[in-house]
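Below you'll find the structure, written out as C-alpha cells, and then a few comments.
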Amino acid sequence: MTAVIQVRGFSHYFGSERTLEALDLDVESNEILGIIGPARSGKSTFLCSLNRLNDLIRGSRIEGTVTVDGRNIYDPDVDVIELRRRIGMVFATPVPLPRTIYENIAFGPRLAGTRERAALDALVRDCLEKGGLWDEVKDRLGTSALKLSGGQQQRLCLARILALKPEVILLDEPTSGLDPISTMKIEDSLRRLKRDYTIILVTNNTKQAARVADRTAFFLNGRLIEIGPTDRIFTAPEDRRTDDYLRGKFG
Amino acid sequence: MRPSPRVEQRVVGALLWSMTAVTVAVLVFIVAYVLKKGLPAVDVAFLVENPADMGKAGGIFSTIVGTVVLTAGAILVATPLGVGTAIFLTEYTWEGPVTRVIRFGAECLAGIPSIIFGLFGFILFVTKLKFGWSILSGSLTLAFMILPTIIRTSEEAIKSVPPGYRTVSYSLGSTKWQMVTRVVLPSALPGIVTGIVLSVGRSIGETAAVIFTAGSALRLPTSLFSSSRTMSVHFYILAREGISMSNAYGTAAVLVIAILGVNVLTYYLMHRFIRKYS
C-alpha cells in the first residue's frame with residue numbers, strides 16, 4: 001500500500017473561524033476511506049480542501065500541506081484545473097447539469113478538449129456501465145438528465161466523474177437523500193470502483209462506513225480524533241469520543 | 001363587525017377580477033383603436049413604397065428600414081456590453097462597494113428620461129464626434145438608453161442559475177470562462193433574451209432620443225452616416241404637423257403589430273429552446 005494523499009499539519013480557516021485543525025492523515029491507493037463525524041465537524045471542508053474547491057469561497061485560507069502523488073497541491077504553480085480532473089467529486093445533492101444524459105457525461109472530456117465523436121461515445125458507455133446506470137438509460141441518452149430519478153441522477157454524477165479518468169473520487173454524503181435501494185446500488189458501485197480508484201467517502205450514516213469503508217476516520221470539531229481499520233474503529237475504538245459518537249451519545 | 005369569510009372571499013375575488021379586467025381592457029382598447037384607425041391605410045403598397053410629398057402620400061418603407069437598422073445597431077452594441085457587465089458583476093468580482101456603485105449607476109441611468117439621452121447623444125455623437133444626424137449616432141444613443149435594462153435583466157438571470165451548477169462545473173475541471181460560457185449563460189439565456197426583447201420594444205418605440213440623433217430624413221439610408229427616420233418619429237411628425245392623420249395611424253398600426261410580433265416570436269423560440277435543454 002502506498003499513500004496517494006498525504007495531509008500534514010493541515011488547518012483551514014473561513015475568515016477568522018478555524019474549521020480544520022492540524023490534520024495529519026494518509027490516504028492509501030485503492031482503499032475506501034470513510035469519514036464520519038457529527039455535523040459541522042469539518043468533513044465536507046476537508047473533502048473540498050483536497051480538490052481546492054474551497055478556493056472559491058471568499059475568506060478561505062489554509063496552513064500546512066496536502067501532497068498528492070508527491071506534490072503539494074497548494075504550491076502556487078499547481079494547475080488547479082488539472083488537479084480537479086484528477087480528484088473527482090460527487091456532492092450530497094445530485095446536480096445533473098440541464099443537458100442530456102450523454103452531454104452530462106461528455107461535459108468533462110469536452111472541457112478537456114476531446115472532440116472525436118467515437119471516442120466520446122465509447123467513453124459515455126464505459127462510464128455509465130461502471131456507474132451502474134447503462135442498462136437503465138442506454139435507450140434514452142438523448143433525454144434530459146433532469147428527468148432521471150434522484151438515485152439515477154446520483155449514479156449519473158458518479159459516472160460523470162469517471163469520465164475525467166480521475167485517480168481519487170471524493171464523495172460528500174452521496175446517499176443522504178436517497179432511498180435504501182439506490183443507496184445499495186451506489187455502495188455496490190463503490191466496492192467495484194475501488195479496484196481502479198482511491199475513494200474517500202464522507203457519510204453521516206455510520207453504518208454505511210461500516211459496510212463499505214476499508215478504514216474509517218472520525219472527525220470532531222475540525223480535528224481528526226481517530227483513524228484505523230473500519231473493523232477496529234467500530235468494535236474497539238481507542239478514543240472515548242469515537243465510542244460515544246458510534247453509540248449515538250452525541251451528534 | 002367582520003363580514004363572513006364567504007362574503008369576504010367573494011368581495012375580494014370580484015375586486016381583484018375587476019382590476020385584472022381593467023388592465024386587460026385598457027390594453028385591448030389601445031390596440032383595437034390603433035388598428036381600427038390605422039389598418040385601412042395599410043396595404044402592401046404602404047409597406048413597400050417610400051413616402052412621397054413629406055409623407056402625405058406613398059408608404060413608409062424607408063422608415064421601416066430606418067427602424068430595423070437603428071434597433072439592430074442598438075442591440076448589437078448594447079448586448080455584449082450589458083451581458084459582459086452582468087457577467088463581471090456576478091461572476092468575476094466579489095460583492096462590495098465597487099459593484100454597488102456600478103449597480104447604482106446603472107439603475108440611475110435607467111431612470112433618466114429618454115429626451116435627456118437624446119440631448120446627450122446629440123451633443124456627444126452628433127456634434128462633438130461629428131457623426132452628424134445619422135444611424136450611427138442614433139444607434140449608440142439608443143444603446144446607452146437600453147443598457148441598464150439589459151444589465152439588470154441579465155444579472156437577475158445569471159444570479160438565478162443554481163449555485164450547484166457552478167460548483168459542479170468547477171469540480172469537472174472547467175476554467176471560470178468555460179463555466180460561464182457552457183453552464184451559466186445557457187441556463188441564463190431565457191432571462192437574458194427577455195431583457196433583449198424588452199429593449200427591442202423600447203428601441204422601436206423610442207421617439208425623443210432618436211429625433212435628436214438620427215434626424216428625420218425620409219430617404220432610404222445608404223450608410224451608417226445617413227440620417228434616417230424611424231416609424232415612431234414618422235408618426236410623430238405626421239401627426240404633430242398635421243400632414244396626414246390616416247398615414248400616421250397606418251404607421252402606428254404597423255408599429256404595434258411589429259412589437260407584438262417580436263414578442264410572440266421570441267417567446268415561441270424561447271419555449272422551444274427551454275424544452276430542448278431542460
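Numbering starts fresh at 1 for the residues of each chain in the C-alpha cells, the chains themselves are lettered A, B, ... in the order given, and ligands are numbered from 1 as they appear.
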Legend entry - Within 12 Å of B:Asn263 using only C-alpha atoms, minus same-chain residues under 6 positions, as an MDAnalysis selection string: chainID B and resid 193:202 256:257 269:270
Interface list for chain A, partner chain B, 9 Å threshold, only C-alpha atoms, as a PDB file with C-alpha atoms, in the first residue's frame:
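Result written to out17.pdb:
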ATOM      1  CA  ASN A  51      -9.574  19.382  -4.796  1.00  0.00           C
ATOM      2  CA  LEU A  53     -12.988  23.780  -4.241  1.00  0.00           C
ATOM      3  CA  LEU A  56     -13.980  29.517  -4.500  1.00  0.00           C
ATOM      4  CA  ARG A  58     -14.392  34.099  -0.025  1.00  0.00           C
ATOM      5  CA  VAL A  80      -5.901  23.701 -10.184  1.00  0.00           C
ATOM      6  CA  ILE A  81      -7.998  22.757 -13.211  1.00  0.00           C
ATOM      7  CA  GLU A  82      -5.867  19.687 -13.825  1.00  0.00           C
ATOM      8  CA  LEU A  83      -5.942  18.847 -10.109  1.00  0.00           C
ATOM      9  CA  ARG A  84      -9.758  18.842 -10.112  1.00  0.00           C
ATOM     10  CA  ARG A  85      -9.737  16.450 -13.025  1.00  0.00           C
ATOM     11  CA  ARG A  86      -7.534  14.059 -11.098  1.00  0.00           C
ATOM     12  CA  ILE A  87      -9.645  14.317  -7.975  1.00  0.00           C
ATOM     13  CA  GLY A  88     -13.307  13.990  -8.879  1.00  0.00           C
ATOM     14  CA  MET A  89     -16.123  14.855  -6.514  1.00  0.00           C
ATOM     15  CA  VAL A  90     -19.736  13.787  -6.020  1.00  0.00           C
ATOM     16  CA  PHE A  91     -21.930  16.056  -3.904  1.00  0.00           C
ATOM     17  CA  THR A  93     -27.441  16.592  -3.644  1.00  0.00           C
ATOM     18  CA  VAL A  95     -26.675  18.076  -9.520  1.00  0.00           C
ATOM     19  CA  PRO A  96     -27.133  16.968 -13.114  1.00  0.00           C
ATOM     20  CA  LEU A  97     -26.471  19.823 -15.491  1.00  0.00           C
ATOM     21  CA  PRO A  98     -29.517  20.857 -17.554  1.00  0.00           C
ATOM     22  CA  ARG A  99     -28.366  18.842 -20.540  1.00  0.00           C
ATOM     23  CA  THR A 100     -28.919  15.388 -21.914  1.00  0.00           C
ATOM     24  CA  PHE A 107     -19.072  17.513 -20.261  1.00  0.00           C
ATOM     25  CA  GLY A 108     -15.717  16.928 -18.541  1.00  0.00           C
ATOM     26  CA  PRO A 109     -13.972  15.308 -21.525  1.00  0.00           C
ATOM     27  CA  LEU A 111     -13.823  20.720 -21.415  1.00  0.00           C
ATOM     28  CA  ALA A 112     -10.510  18.916 -21.628  1.00  0.00           C
ATOM     29  CA  THR A 143     -33.145  12.868 -22.999  1.00  0.00           C
ATOM     30  CA  SER A 144     -32.646  15.446 -20.284  1.00  0.00           C
ATOM     31  CA  ALA A 145     -30.716  14.280 -17.233  1.00  0.00           C
ATOM     32  CA  LEU A 146     -33.182  16.249 -15.083  1.00  0.00           C
ATOM     33  CA  LYS A 147     -35.866  13.658 -15.894  1.00  0.00           C
ATOM     34  CA  ARG A 160     -19.706  11.795 -14.894  1.00  0.00           C
ATOM     35  CA  ILE A 161     -16.714  11.883 -12.554  1.00  0.00           C
ATOM     36  CA  LEU A 164     -12.482  12.570 -16.130  1.00  0.00           C
TER      37      LEU A 164
END
Legend entry - Residue neighbourhood B:Pro148, 9 Å, only C-alpha atoms, exclusion window fewer than 6 positions, as a PyMOL selection string: chain B and resi 82+103+105-110
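Secondary structure from DSSP on the backbone puts strand (DSSP E or B) at the following positions of stretch 51-112 of chain A: Ser60, Arg61, Ile62, Glu63, Gly64, Thr65, Val66, Thr67, Val68, Arg71, Asn72, Ile87, Gly88, Met89, Val90 and Thr100 of chain A.
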Would you export the selected residues with N, CA and C atoms as a PDB file, in the first residue's frame, please?
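again_18.pdb was written with the following content:
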ATOM      1  N   SER A  60     -11.462  31.960   2.465  1.00  0.00           N
ATOM      2  CA  SER A  60     -10.924  30.640   2.749  1.00  0.00           C
ATOM      3  C   SER A  60      -9.393  30.711   2.789  1.00  0.00           C
ATOM      4  N   ARG A  61      -8.773  30.080   3.777  1.00  0.00           N
ATOM      5  CA  ARG A  61      -7.325  30.204   3.972  1.00  0.00           C
ATOM      6  C   ARG A  61      -6.829  28.895   4.578  1.00  0.00           C
ATOM      7  N   ILE A  62      -5.606  28.486   4.239  1.00  0.00           N
ATOM      8  CA  ILE A  62      -5.094  27.219   4.772  1.00  0.00           C
ATOM      9  C   ILE A  62      -3.687  27.360   5.336  1.00  0.00           C
ATOM     10  N   GLU A  63      -3.306  26.395   6.160  1.00  0.00           N
ATOM     11  CA  GLU A  63      -1.914  26.222   6.586  1.00  0.00           C
ATOM     12  C   GLU A  63      -1.582  24.750   6.401  1.00  0.00           C
ATOM     13  N   GLY A  64      -0.301  24.449   6.264  1.00  0.00           N
ATOM     14  CA  GLY A  64       0.116  23.055   6.132  1.00  0.00           C
ATOM     15  C   GLY A  64       0.133  22.606   4.683  1.00  0.00           C
ATOM     16  N   THR A  65       0.291  21.308   4.473  1.00  0.00           N
ATOM     17  CA  THR A  65       0.401  20.803   3.103  1.00  0.00           C
ATOM     18  C   THR A  65      -0.532  19.621   2.864  1.00  0.00           C
ATOM     19  N   VAL A  66      -0.963  19.504   1.602  1.00  0.00           N
ATOM     20  CA  VAL A  66      -1.660  18.307   1.133  1.00  0.00           C
ATOM     21  C   VAL A  66      -0.878  17.822  -0.077  1.00  0.00           C
ATOM     22  N   THR A  67      -0.301  16.636   0.041  1.00  0.00           N
ATOM     23  CA  THR A  67       0.516  16.133  -1.050  1.00  0.00           C
ATOM     24  C   THR A  67      -0.244  15.039  -1.789  1.00  0.00           C
ATOM     25  N   VAL A  68      -0.369  15.202  -3.117  1.00  0.00           N
ATOM     26  CA  VAL A  68      -0.988  14.161  -3.938  1.00  0.00           C
ATOM     27  C   VAL A  68       0.081  13.665  -4.907  1.00  0.00           C
ATOM     28  N   ARG A  71       3.293  15.631  -4.641  1.00  0.00           N
ATOM     29  CA  ARG A  71       3.348  17.049  -4.974  1.00  0.00           C
ATOM     30  C   ARG A  71       2.360  17.827  -4.113  1.00  0.00           C
ATOM     31  N   ASN A  72       2.811  18.933  -3.483  1.00  0.00           N
ATOM     32  CA  ASN A  72       1.919  19.736  -2.660  1.00  0.00           C
ATOM     33  C   ASN A  72       0.921  20.485  -3.547  1.00  0.00           C
ATOM     34  N   ILE A  87      -8.927  14.602  -9.216  1.00  0.00           N
ATOM     35  CA  ILE A  87      -9.645  14.317  -7.975  1.00  0.00           C
ATOM     36  C   ILE A  87     -11.108  14.688  -8.154  1.00  0.00           C
ATOM     37  N   GLY A  88     -11.902  13.722  -8.568  1.00  0.00           N
ATOM     38  CA  GLY A  88     -13.307  13.990  -8.879  1.00  0.00           C
ATOM     39  C   GLY A  88     -14.155  14.037  -7.621  1.00  0.00           C
ATOM     40  N   MET A  89     -15.302  14.723  -7.711  1.00  0.00           N
ATOM     41  CA  MET A  89     -16.123  14.855  -6.514  1.00  0.00           C
ATOM     42  C   MET A  89     -17.609  14.683  -6.823  1.00  0.00           C
ATOM     43  N   VAL A  90     -18.281  13.950  -5.933  1.00  0.00           N
ATOM     44  CA  VAL A  90     -19.736  13.787  -6.020  1.00  0.00           C
ATOM     45  C   VAL A  90     -20.339  14.457  -4.785  1.00  0.00           C
ATOM     46  N   THR A 100     -28.528  16.781 -21.764  1.00  0.00           N
ATOM     47  CA  THR A 100     -28.919  15.388 -21.914  1.00  0.00           C
ATOM     48  C   THR A 100     -28.011  14.505 -21.055  1.00  0.00           C
TER      49      THR A 100
END
B:Asn247: which residues within 12 Å, counting only C-alpha atoms, same-chain residues fewer than 5 positions away excluded, as a short mmCIF file (atom, residue, chain, number, x, y, z; two decimals) with N, CA and C atoms, in the first residue's frame?
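Okay, this is what ended up in out-v5.cif:
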data_model
loop_
_atom_site.label_atom_id
_atom_site.label_comp_id
_atom_site.auth_asym_id
_atom_site.auth_seq_id
_atom_site.Cartn_x
_atom_site.Cartn_y
_atom_site.Cartn_z
N VAL B 34 -56.03 51.65 -32.28
CA VAL B 34 -54.96 51.96 -33.23
C VAL B 34 -55.16 51.15 -34.51
N LYS B 37 -58.22 52.48 -36.57
CA LYS B 37 -57.94 53.72 -37.29
C LYS B 37 -56.85 53.54 -38.34
N GLY B 38 -55.92 52.62 -38.05
CA GLY B 38 -54.73 52.54 -38.90
C GLY B 38 -54.81 51.54 -40.02
N LEU B 39 -55.41 50.37 -39.75
CA LEU B 39 -55.37 49.29 -40.73
C LEU B 39 -55.92 49.66 -42.11
N PRO B 40 -57.01 50.50 -42.19
CA PRO B 40 -57.50 50.85 -43.53
C PRO B 40 -56.42 51.47 -44.42
N ALA B 41 -55.44 52.16 -43.81
CA ALA B 41 -54.39 52.79 -44.61
C ALA B 41 -53.30 51.81 -45.01
N VAL B 42 -53.29 50.65 -44.33
CA VAL B 42 -52.18 49.71 -44.56
C VAL B 42 -52.52 48.70 -45.66
N ASP B 43 -51.70 48.68 -46.68
CA ASP B 43 -51.76 47.59 -47.66
C ASP B 43 -50.33 47.31 -48.09
N PHE B 46 -48.32 50.29 -49.05
CA PHE B 46 -47.97 51.12 -47.90
C PHE B 46 -46.66 50.64 -47.27
N LEU B 47 -46.49 49.32 -47.30
CA LEU B 47 -45.30 48.74 -46.66
C LEU B 47 -44.05 48.83 -47.54
N PRO B 51 -42.09 57.01 -48.68
CA PRO B 51 -43.02 58.13 -48.50
C PRO B 51 -42.82 59.16 -49.61
N ALA B 52 -43.91 59.81 -50.03
CA ALA B 52 -43.82 60.88 -51.01
C ALA B 52 -44.51 62.11 -50.45
N MET B 54 -43.61 64.52 -48.35
CA MET B 54 -43.47 64.66 -46.89
C MET B 54 -44.18 63.59 -46.08
N GLY B 55 -44.70 62.58 -46.77
CA GLY B 55 -45.42 61.54 -46.04
C GLY B 55 -46.92 61.63 -46.24
N LYS B 56 -47.34 62.64 -46.98
CA LYS B 56 -48.78 62.78 -47.25
C LYS B 56 -49.24 61.63 -48.14
N ALA B 57 -48.35 61.24 -49.05
CA ALA B 57 -48.66 60.15 -49.96
C ALA B 57 -47.58 59.08 -49.85
N GLY B 58 -47.77 57.99 -50.56
CA GLY B 58 -46.77 56.92 -50.56
C GLY B 58 -46.87 56.07 -49.31
N GLY B 59 -45.83 55.25 -49.11
CA GLY B 59 -45.86 54.33 -47.98
C GLY B 59 -44.88 54.72 -46.90
N ILE B 60 -44.37 53.70 -46.20
CA ILE B 60 -43.46 54.00 -45.09
C ILE B 60 -42.20 53.13 -45.15
N MET B 231 -40.13 54.67 -37.63
CA MET B 231 -41.60 54.69 -37.70
C MET B 231 -42.19 55.60 -36.63
N HIS B 234 -41.67 59.13 -37.57
CA HIS B 234 -42.54 59.42 -38.71
C HIS B 234 -43.96 59.70 -38.21
N PHE B 235 -44.43 58.83 -37.33
CA PHE B 235 -45.77 59.01 -36.76
C PHE B 235 -45.87 60.36 -36.06
N TYR B 236 -44.84 60.68 -35.27
CA TYR B 236 -44.84 61.93 -34.52
C TYR B 236 -44.93 63.12 -35.45
N ILE B 237 -44.11 63.10 -36.50
CA ILE B 237 -44.07 64.25 -37.41
C ILE B 237 -45.38 64.36 -38.21
N LEU B 238 -45.85 63.21 -38.70
CA LEU B 238 -47.11 63.24 -39.46
C LEU B 238 -48.25 63.80 -38.61
N ALA B 239 -48.31 63.36 -37.36
CA ALA B 239 -49.43 63.78 -36.51
C ALA B 239 -49.24 65.20 -36.02
N GLY B 242 -49.69 67.75 -38.70
CA GLY B 242 -50.96 67.61 -39.39
C GLY B 242 -50.81 67.26 -40.85
N ALA B 252 -48.71 53.81 -37.08
CA ALA B 252 -48.89 53.33 -35.70
C ALA B 252 -49.32 51.87 -35.70
N ALA B 253 -50.24 51.52 -36.61
CA ALA B 253 -50.72 50.14 -36.66
C ALA B 253 -49.58 49.19 -36.97
N VAL B 254 -48.73 49.58 -37.94
CA VAL B 254 -47.60 48.72 -38.30
C VAL B 254 -46.65 48.57 -37.09
#
Inset, instruction - Pick out the residues sitting within 8 Å of stretch 73-77 of chain B, and hand them over as a PyMOL selection string; count only C-alpha atoms, and ignore anything fewer than 5 positions along from it in its own chain. - result: chain B and resi 136+139-143+196+199-200+203
Using the selection just defined, write its residues with N, CA and C atoms as a PDB file, in the first residue's frame.
ATOM      1  N   LEU B 136     -25.612  55.904 -37.017  1.00  0.00           N
ATOM      2  CA  LEU B 136     -24.587  55.616 -36.008  1.00  0.00           C
ATOM      3  C   LEU B 136     -24.884  56.344 -34.697  1.00  0.00           C
ATOM      4  N   SER B 139     -28.098  54.873 -33.101  1.00  0.00           N
ATOM      5  CA  SER B 139     -27.924  53.536 -32.535  1.00  0.00           C
ATOM      6  C   SER B 139     -27.156  53.603 -31.224  1.00  0.00           C
ATOM      7  N   LEU B 140     -26.087  54.393 -31.206  1.00  0.00           N
ATOM      8  CA  LEU B 140     -25.270  54.472 -29.993  1.00  0.00           C
ATOM      9  C   LEU B 140     -26.093  55.070 -28.842  1.00  0.00           C
ATOM     10  N   THR B 141     -26.874  56.101 -29.162  1.00  0.00           N
ATOM     11  CA  THR B 141     -27.695  56.717 -28.125  1.00  0.00           C
ATOM     12  C   THR B 141     -28.713  55.720 -27.579  1.00  0.00           C
ATOM     13  N   LEU B 142     -29.394  55.018 -28.495  1.00  0.00           N
ATOM     14  CA  LEU B 142     -30.368  54.004 -28.065  1.00  0.00           C
ATOM     15  C   LEU B 142     -29.675  52.921 -27.247  1.00  0.00           C
ATOM     16  N   ALA B 143     -28.449  52.559 -27.667  1.00  0.00           N
ATOM     17  CA  ALA B 143     -27.714  51.512 -26.951  1.00  0.00           C
ATOM     18  C   ALA B 143     -27.508  51.927 -25.497  1.00  0.00           C
ATOM     19  N   ILE B 196     -33.463  41.470 -23.694  1.00  0.00           N
ATOM     20  CA  ILE B 196     -33.198  41.991 -25.036  1.00  0.00           C
ATOM     21  C   ILE B 196     -34.510  42.326 -25.750  1.00  0.00           C
ATOM     22  N   SER B 199     -35.868  45.450 -24.605  1.00  0.00           N
ATOM     23  CA  SER B 199     -35.083  46.543 -25.161  1.00  0.00           C
ATOM     24  C   SER B 199     -35.428  46.803 -26.613  1.00  0.00           C
ATOM     25  N   VAL B 200     -35.688  45.725 -27.353  1.00  0.00           N
ATOM     26  CA  VAL B 200     -36.109  45.897 -28.746  1.00  0.00           C
ATOM     27  C   VAL B 200     -37.395  46.718 -28.773  1.00  0.00           C
ATOM     28  N   SER B 203     -36.648  50.309 -28.046  1.00  0.00           N
ATOM     29  CA  SER B 203     -35.943  50.965 -29.150  1.00  0.00           C
ATOM     30  C   SER B 203     -36.891  51.286 -30.300  1.00  0.00           C
TER      31      SER B 203
END
